[in-house]
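For reference, final-v8.cif (mmCIF, C-alpha atoms and all ligand atoms):
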```cif
data_input
loop_
_atom_site.label_atom_id
_atom_site.label_comp_id
_atom_site.auth_asym_id
_atom_site.auth_seq_id
_atom_site.Cartn_x
_atom_site.Cartn_y
_atom_site.Cartn_z
CA MET L 13 91.62 146.61 77.96
CA THR L 14 91.20 143.22 79.58
CA ILE L 15 88.00 141.36 78.99
CA LYS L 16 86.51 138.56 80.98
CA ASN L 17 86.55 135.12 79.35
CA TYR L 18 83.47 133.12 80.23
CA ASN L 19 83.41 129.42 81.05
CA TYR L 20 80.94 128.22 78.46
CA HIS L 21 81.19 124.64 79.69
CA MET L 22 79.47 125.78 82.90
CA THR L 23 76.30 126.59 80.94
CA HIS L 24 73.08 125.04 82.16
CA PHE L 25 69.47 124.92 81.01
CA VAL L 26 67.10 127.47 82.53
CA THR L 27 63.73 127.27 80.82
CA SER L 28 61.75 126.85 77.61
CA ALA L 29 59.13 129.34 76.53
CA PRO L 30 56.59 129.42 73.69
CA ASP L 31 56.93 133.21 73.32
CA ILE L 32 58.63 136.21 74.90
CA ARG L 33 55.90 136.77 77.45
CA HIS L 34 56.99 133.57 79.15
CA LEU L 35 60.69 134.44 79.32
CA PRO L 36 62.40 135.49 82.57
CA PRO L 37 62.97 139.22 83.27
CA GLU L 38 65.35 141.15 81.07
CA THR L 39 68.25 141.47 83.45
CA GLY L 40 71.74 140.94 82.07
CA ILE L 41 72.73 140.03 78.51
CA GLU L 42 71.40 137.51 76.01
CA VAL L 43 72.94 136.17 72.80
CA ALA L 44 70.61 134.19 70.56
CA PHE L 45 71.28 131.41 68.05
CA ALA L 46 69.00 131.55 65.02
CA GLY L 47 68.84 129.74 61.72
CA ARG L 48 66.85 127.49 59.44
CA SER L 49 65.64 124.27 60.85
CA ASN L 50 68.45 121.69 60.75
CA ALA L 51 71.17 124.36 60.27
CA GLY L 52 73.01 123.12 63.36
CA LYS L 53 72.02 125.59 66.10
CA SER L 54 71.65 123.06 68.90
CA SER L 55 74.81 121.23 67.79
CA ALA L 56 76.76 124.50 67.86
CA LEU L 57 75.54 125.24 71.38
CA ASN L 58 76.58 121.78 72.51
CA ALA L 59 80.01 122.14 70.88
CA LEU L 60 80.51 125.55 72.47
CA THR L 61 79.52 124.33 75.92
CA ARG L 62 81.29 120.98 75.50
CA GLN L 63 78.14 119.16 76.50
CA LYS L 64 76.67 116.34 74.49
CA SER L 65 73.02 117.05 74.99
CA LEU L 66 72.56 120.46 76.59
CA ALA L 67 70.48 121.53 73.58
CA ARG L 68 68.53 118.75 71.94
CA THR L 69 69.63 117.94 68.40
CA SER L 70 67.76 115.90 65.87
CA LYS L 71 67.83 114.45 62.39
CA THR L 72 64.20 115.54 62.16
CA PRO L 73 64.07 119.24 61.29
CA GLY L 74 61.81 121.38 63.44
CA ARG L 75 62.84 119.79 66.67
CA THR L 76 63.38 122.95 68.68
CA GLN L 77 59.95 124.57 68.69
CA LEU L 78 60.39 126.64 71.81
CA ILE L 79 62.69 129.45 72.85
CA ASN L 80 65.23 127.59 75.01
CA LEU L 81 67.23 129.58 77.54
CA PHE L 82 70.59 128.59 78.95
CA GLN L 83 72.66 130.41 81.56
CA VAL L 84 76.45 130.64 81.39
CA GLU L 85 76.44 132.42 84.73
CA GLU L 86 74.18 134.88 86.52
CA GLY L 87 72.83 137.39 83.96
CA ILE L 88 74.71 135.82 81.01
CA ARG L 89 72.41 133.79 78.78
CA LEU L 90 72.48 131.85 75.51
CA VAL L 91 69.24 131.33 73.61
CA ASP L 92 68.38 128.52 71.20
CA LEU L 93 65.65 129.94 68.95
CA PRO L 94 63.15 127.83 67.01
CA GLY L 95 64.41 126.94 63.52
CA TYR L 96 62.58 128.55 60.62
CA GLY L 97 61.81 127.53 57.07
CA TYR L 98 61.04 123.85 57.51
CA ALA L 99 58.80 122.89 54.58
CA GLN L 100 56.95 120.01 56.26
CA VAL L 101 55.53 122.17 59.02
CA PRO L 102 51.91 123.33 58.57
CA GLU L 103 51.62 126.94 57.41
CA GLU L 104 49.85 128.02 60.59
CA MET L 105 52.69 126.69 62.78
CA LYS L 106 55.29 128.36 60.57
CA LEU L 107 53.61 131.72 60.93
CA LYS L 108 53.35 131.24 64.68
CA TRP L 109 57.10 130.52 64.97
CA GLN L 110 58.00 133.40 62.72
CA ARG L 111 55.93 135.72 64.87
CA ALA L 112 57.61 134.46 68.04
CA LEU L 113 61.03 134.96 66.41
CA GLY L 114 60.26 138.44 65.11
CA GLU L 115 58.89 139.44 68.48
CA TYR L 116 61.93 138.13 70.29
CA LEU L 117 64.32 140.02 68.00
CA GLN L 118 62.41 143.25 68.08
CA LYS L 119 61.33 143.44 71.70
CA ARG L 120 63.89 141.63 73.81
CA GLU L 121 66.04 144.54 74.89
CA CYS L 122 68.71 142.45 76.62
CA LEU L 123 69.57 140.84 73.25
CA GLN L 124 73.12 142.06 72.54
CA GLY L 125 74.22 139.69 69.81
CA LEU L 126 72.74 137.32 67.25
CA VAL L 127 74.46 134.22 65.90
CA VAL L 128 72.91 133.25 62.55
CA LEU L 129 73.73 129.72 61.48
CA MET L 130 73.44 128.55 57.88
CA ASP L 131 74.48 125.27 56.29
CA ILE L 132 77.64 126.19 54.32
CA ARG L 133 76.19 124.35 51.32
CA HIS L 134 72.91 126.34 51.33
CA PRO L 135 73.58 129.84 52.68
CA LEU L 136 71.55 133.06 52.52
CA LYS L 137 68.01 131.86 51.95
CA ASP L 138 65.24 134.49 52.15
CA LEU L 139 64.51 133.98 55.84
CA ASP L 140 68.24 134.10 56.69
CA MET L 141 68.47 137.46 54.95
CA GLN L 142 65.40 138.64 56.81
CA MET L 143 66.92 137.69 60.17
CA ILE L 144 70.21 139.43 59.35
CA GLU L 145 68.44 142.52 58.01
CA TRP L 146 66.26 142.67 61.12
CA ALA L 147 69.35 142.54 63.32
CA VAL L 148 71.06 145.30 61.31
CA VAL L 149 67.97 147.51 61.66
CA MET L 150 67.78 146.80 65.40
CA GLN L 151 71.55 147.52 65.65
CA VAL L 152 72.23 144.10 67.07
CA PRO L 153 75.68 142.80 66.05
CA VAL L 154 75.67 139.54 64.09
CA MET L 155 78.00 136.57 63.78
CA VAL L 156 77.19 134.38 60.80
CA LEU L 157 78.39 130.79 61.13
CA LEU L 158 78.54 128.66 57.98
CA THR L 159 77.89 125.30 59.58
CA LYS L 160 78.80 121.73 58.68
CA ALA L 161 82.04 123.02 57.09
CA ASP L 162 83.35 119.43 57.40
CA LYS L 163 81.06 118.55 54.49
CA LEU L 164 83.19 120.62 52.07
CA ALA L 165 86.82 120.35 51.02
CA SER L 166 88.97 123.28 52.04
CA GLY L 167 88.86 125.04 48.64
CA ALA L 168 85.07 124.94 48.41
CA ARG L 169 84.82 126.01 52.04
CA LYS L 170 86.91 129.12 51.41
CA SER L 171 85.05 130.08 48.27
CA GLN L 172 81.67 129.77 50.04
CA LEU L 173 83.02 131.95 52.84
CA SER L 174 84.15 134.71 50.50
CA LYS L 175 80.92 134.50 48.52
CA VAL L 176 78.82 135.03 51.66
CA ARG L 177 81.15 137.81 52.89
CA GLN L 178 80.77 139.58 49.56
CA GLU L 179 77.00 139.28 49.56
CA LEU L 180 76.63 140.64 53.08
CA ALA L 181 79.17 143.45 52.65
CA SER L 182 76.50 145.77 51.26
CA LEU L 183 74.43 145.60 54.46
CA GLU L 184 76.87 147.79 56.41
CA GLY L 185 75.93 146.20 59.71
CA ASN L 186 78.22 144.86 62.40
CA ILE L 187 78.55 141.37 60.87
CA GLN L 188 81.35 138.83 61.18
CA ILE L 189 81.23 135.72 59.00
CA GLU L 190 83.15 132.49 59.69
CA TYR L 191 82.85 128.83 58.88
CA PHE L 192 82.09 126.33 61.60
CA SER L 193 81.83 122.62 62.31
CA ALA L 194 80.39 121.20 65.51
CA LEU L 195 81.52 117.77 64.34
CA LYS L 196 85.17 118.68 63.69
CA LYS L 197 85.27 121.48 66.27
CA ILE L 198 86.15 124.15 63.71
CA GLY L 199 85.47 127.80 64.57
CA ILE L 200 84.60 127.32 68.22
CA ASP L 201 87.47 129.60 69.27
CA LYS L 202 86.17 132.42 67.04
CA LEU L 203 82.65 131.96 68.40
CA GLU L 204 83.95 132.11 71.99
CA GLN L 205 85.93 135.27 71.27
CA LYS L 206 82.85 136.95 69.83
CA LEU L 207 80.61 135.90 72.72
CA ASP L 208 83.20 137.16 75.21
CA ILE L 209 83.17 140.57 73.50
CA TRP L 210 79.37 140.73 73.51
CA PHE L 211 79.08 139.56 77.10
CA ASN L 212 81.67 142.12 78.22
CA GLN L 213 79.54 145.00 76.99
CA PRO L 214 77.59 146.82 79.67
CA ALA L 215 74.14 145.32 80.09
CA VAL L 216 71.43 147.43 78.50
CA GLU L 217 69.45 149.31 81.08
CA ILE L 218 65.84 148.42 80.72
CA THR L 219 63.93 151.65 80.84
CA SER L 220 60.42 150.46 80.08
CA GLU L 221 58.10 150.52 83.07
CA VAL L 222 56.16 147.47 84.07
CA GLU L 223 52.68 147.95 82.64
N1 LIG L 301 78.45 116.84 59.41
C1 LIG L 301 77.95 117.67 60.33
N2 LIG L 301 76.68 117.51 60.73
C2 LIG L 301 76.19 118.40 61.65
C3 LIG L 301 76.99 119.44 62.19
N3 LIG L 301 76.23 120.15 63.06
C4 LIG L 301 75.01 119.57 63.06
N4 LIG L 301 74.97 118.50 62.22
C5 LIG L 301 73.82 117.60 61.99
O1 LIG L 301 72.72 118.34 61.47
C6 LIG L 301 71.48 117.90 62.01
C7 LIG L 301 70.74 119.05 62.66
O2 LIG L 301 71.48 119.55 63.74
P1 LIG L 301 70.78 120.37 64.92
O3 LIG L 301 71.89 120.91 65.76
O4 LIG L 301 69.73 119.57 65.58
O5 LIG L 301 70.10 121.56 64.08
P2 LIG L 301 69.13 122.73 64.60
O6 LIG L 301 69.50 123.94 63.81
O7 LIG L 301 69.20 122.86 66.08
O8 LIG L 301 67.71 122.21 64.12
P3 LIG L 301 66.24 122.61 64.67
O9 LIG L 301 66.27 122.49 66.16
O10 LIG L 301 65.35 121.65 64.00
O11 LIG L 301 65.96 123.99 64.22
C8 LIG L 301 71.84 116.76 62.99
O12 LIG L 301 71.69 115.54 62.32
C9 LIG L 301 73.30 117.04 63.32
O13 LIG L 301 74.00 115.88 63.68
C10 LIG L 301 78.36 119.55 61.75
O14 LIG L 301 79.16 120.40 62.16
N5 LIG L 301 78.78 118.64 60.83
MG MG L 302 67.71 122.73 67.53
#
```
Please re-express this file's structure in structure tokens.
Amino acid sequence: MTIKNYNYHMTHFVTSAPDIRHLPPETGIEVAFAGRSNAGKSSALNALTRQKSLARTSKTPGRTQLINLFQVEEGIRLVDLPGYGYAQVPEEMKLKWQRALGEYLQKRECLQGLVVLMDIRHPLKDLDMQMIEWAVVMQVPVMVLLTKADKLASGARKSQLSKVRQELASLEGNIQIEYFSALKKIGIDKLEQKLDIWFNQPAVEITSEVE
């Protein structure tokens, strides 16, 4: 079977939305990038698309507070989700973001893949597990990227990878785990391969009537 390879460098910004009600219609396929604040979501999107500032990155965690939508081509979208778990954010804001995230994951029917990014030095925090478990329940395939792999020597990198693989093995979902570095361009090929597979699936037919 031949699959289409997408030109991720052609990706452009479409819109930002505070919640799913403000997103464009559910035509086509979406893949979302989720992770703790500062995990490297926006950096990974920029590395994938070979664009310096497509998604805004920041040293200040909590920078991406909106659902940001990018289009690779007609009907093929990448989504930068708000980071979760940032301690300095007021409780009320945190709950609001978590609600927006949960809603997106559970209701956005065109979501056909979830990339969960975790700093390779601090993987599998509670909210990461919740995201992954949600995806497994919703039968959305997951790619876990252990980010900032350049911060660890190769031995430590490999042992973190096998530790995370072992811990997630019991979930029995469709989960692939790799390490990644936006800085050193490690793992971009694996990410592209996965996205190509997801974007080559038939788009989900949206059956729900407009209310
Ligand atoms: N060394 C290293 N630093 C990285 C890498 N990727 C991201 N960073 C740094 O980590 C910080 C956060 O990166 P972002 O891409 O903004 O993280 P984010 O997950 O989008 O954060 P929020 O939008 O706040 O949720 C920035 O200072 C980046 O430069 C990497 O591969 N290696
Ligand atoms: Mg970001």
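Shortest atom-to-atom contact with L:Glu190 among L:Asn58, L:Thr159, L:Gln178, L:Gln83: L:Thr159, counting only C-alpha atoms.
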> Nearest to ligand MG 302 (chain L): which of L:Met22, L:Leu78, L:Leu126, L:Ile41 is it, counting only C-alpha atoms and all ligand atoms?
Replying inline: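 Closest candidate: L:Leu78.
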>> Taking (62.4, 136.7, 84.3) in the coordinates of the supplied file, I want to know which residues reach to within 12 Å of it, counting all atoms listed in the file; could you give the answer as an MDAnalysis selection string?
In response: chainID L and resid 26:29 32:40 81 87 89 120 122
>> Ranking L:Asn17, L:Ile189, L:Ser65, L:Val127 by minimum distance to L:Glu42 and counting only C-alpha atoms, which one comes first?
In response: L:Val127
Counting all atoms listed in the file, which protein, DNA or RNA residues come within 8 Å of ligand LIG 301 (chain L), given as a PDB file with C-alpha atoms, in the coordinates of the input?
```pdb
ATOM      1  CA  ALA L  46      69.000 131.550  65.020  1.00  0.00           C
ATOM      2  CA  GLY L  47      68.840 129.740  61.720  1.00  0.00           C
ATOM      3  CA  ARG L  48      66.850 127.490  59.440  1.00  0.00           C
ATOM      4  CA  SER L  49      65.640 124.270  60.850  1.00  0.00           C
ATOM      5  CA  ASN L  50      68.450 121.690  60.750  1.00  0.00           C
ATOM      6  CA  ALA L  51      71.170 124.360  60.270  1.00  0.00           C
ATOM      7  CA  GLY L  52      73.010 123.120  63.360  1.00  0.00           C
ATOM      8  CA  LYS L  53      72.020 125.590  66.100  1.00  0.00           C
ATOM      9  CA  SER L  54      71.650 123.060  68.900  1.00  0.00           C
ATOM     10  CA  SER L  55      74.810 121.230  67.790  1.00  0.00           C
ATOM     11  CA  ALA L  56      76.760 124.500  67.860  1.00  0.00           C
ATOM     12  CA  LEU L  57      75.540 125.240  71.380  1.00  0.00           C
ATOM     13  CA  ALA L  67      70.480 121.530  73.580  1.00  0.00           C
ATOM     14  CA  ARG L  68      68.530 118.750  71.940  1.00  0.00           C
ATOM     15  CA  THR L  69      69.630 117.940  68.400  1.00  0.00           C
ATOM     16  CA  SER L  70      67.760 115.900  65.870  1.00  0.00           C
ATOM     17  CA  LYS L  71      67.830 114.450  62.390  1.00  0.00           C
ATOM     18  CA  THR L  72      64.200 115.540  62.160  1.00  0.00           C
ATOM     19  CA  PRO L  73      64.070 119.240  61.290  1.00  0.00           C
ATOM     20  CA  GLY L  74      61.810 121.380  63.440  1.00  0.00           C
ATOM     21  CA  ARG L  75      62.840 119.790  66.670  1.00  0.00           C
ATOM     22  CA  THR L  76      63.380 122.950  68.680  1.00  0.00           C
ATOM     23  CA  GLN L  77      59.950 124.570  68.690  1.00  0.00           C
ATOM     24  CA  ASP L  92      68.380 128.520  71.200  1.00  0.00           C
ATOM     25  CA  LEU L  93      65.650 129.940  68.950  1.00  0.00           C
ATOM     26  CA  PRO L  94      63.150 127.830  67.010  1.00  0.00           C
ATOM     27  CA  GLY L  95      64.410 126.940  63.520  1.00  0.00           C
ATOM     28  CA  TYR L  96      62.580 128.550  60.620  1.00  0.00           C
ATOM     29  CA  LEU L 129      73.730 129.720  61.480  1.00  0.00           C
ATOM     30  CA  THR L 159      77.890 125.300  59.580  1.00  0.00           C
ATOM     31  CA  LYS L 160      78.800 121.730  58.680  1.00  0.00           C
ATOM     32  CA  ALA L 161      82.040 123.020  57.090  1.00  0.00           C
ATOM     33  CA  ASP L 162      83.350 119.430  57.400  1.00  0.00           C
ATOM     34  CA  LYS L 163      81.060 118.550  54.490  1.00  0.00           C
ATOM     35  CA  PHE L 192      82.090 126.330  61.600  1.00  0.00           C
ATOM     36  CA  SER L 193      81.830 122.620  62.310  1.00  0.00           C
ATOM     37  CA  ALA L 194      80.390 121.200  65.510  1.00  0.00           C
ATOM     38  CA  LEU L 195      81.520 117.770  64.340  1.00  0.00           C
ATOM     39  CA  LYS L 196      85.170 118.680  63.690  1.00  0.00           C
ATOM     40  CA  LYS L 197      85.270 121.480  66.270  1.00  0.00           C
TER      41      LYS L 197
END
```
>> Measuring between only C-alpha atoms and all ligand atoms, which one of L:Ile79, L:Pro135, L:Phe25, L:Thr14 shows the shortest distance to ligand MG 302 (chain L)?
In response: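 That would be L:Ile79, the residue with the smallest distance to ligand MG 302 (chain L).
You will find atom CA of L:Glu217 at 8.5 Å from atom CA of L:Glu121.
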Dig up all the protein and nucleic acid residues within 8 Å of (82.7, 133.7, 57.6) in the file frame, using only C-alpha atoms, and format them as a compact mmCIF listing (two decimals) with C-alpha atoms, in the frame of the given file.
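Written output follows (point-v1.txt):
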```txt
# COMPACT_ATOMS: atom_id res chain seq x y z
CA VAL L 156 77.19 134.38 60.80
CA LEU L 157 78.39 130.79 61.13
CA LEU L 158 78.54 128.66 57.98
CA LEU L 173 83.02 131.95 52.84
CA SER L 174 84.15 134.71 50.50
CA VAL L 176 78.82 135.03 51.66
CA ARG L 177 81.15 137.81 52.89
CA GLN L 188 81.35 138.83 61.18
CA ILE L 189 81.23 135.72 59.00
CA GLU L 190 83.15 132.49 59.69
CA TYR L 191 82.85 128.83 58.88
```
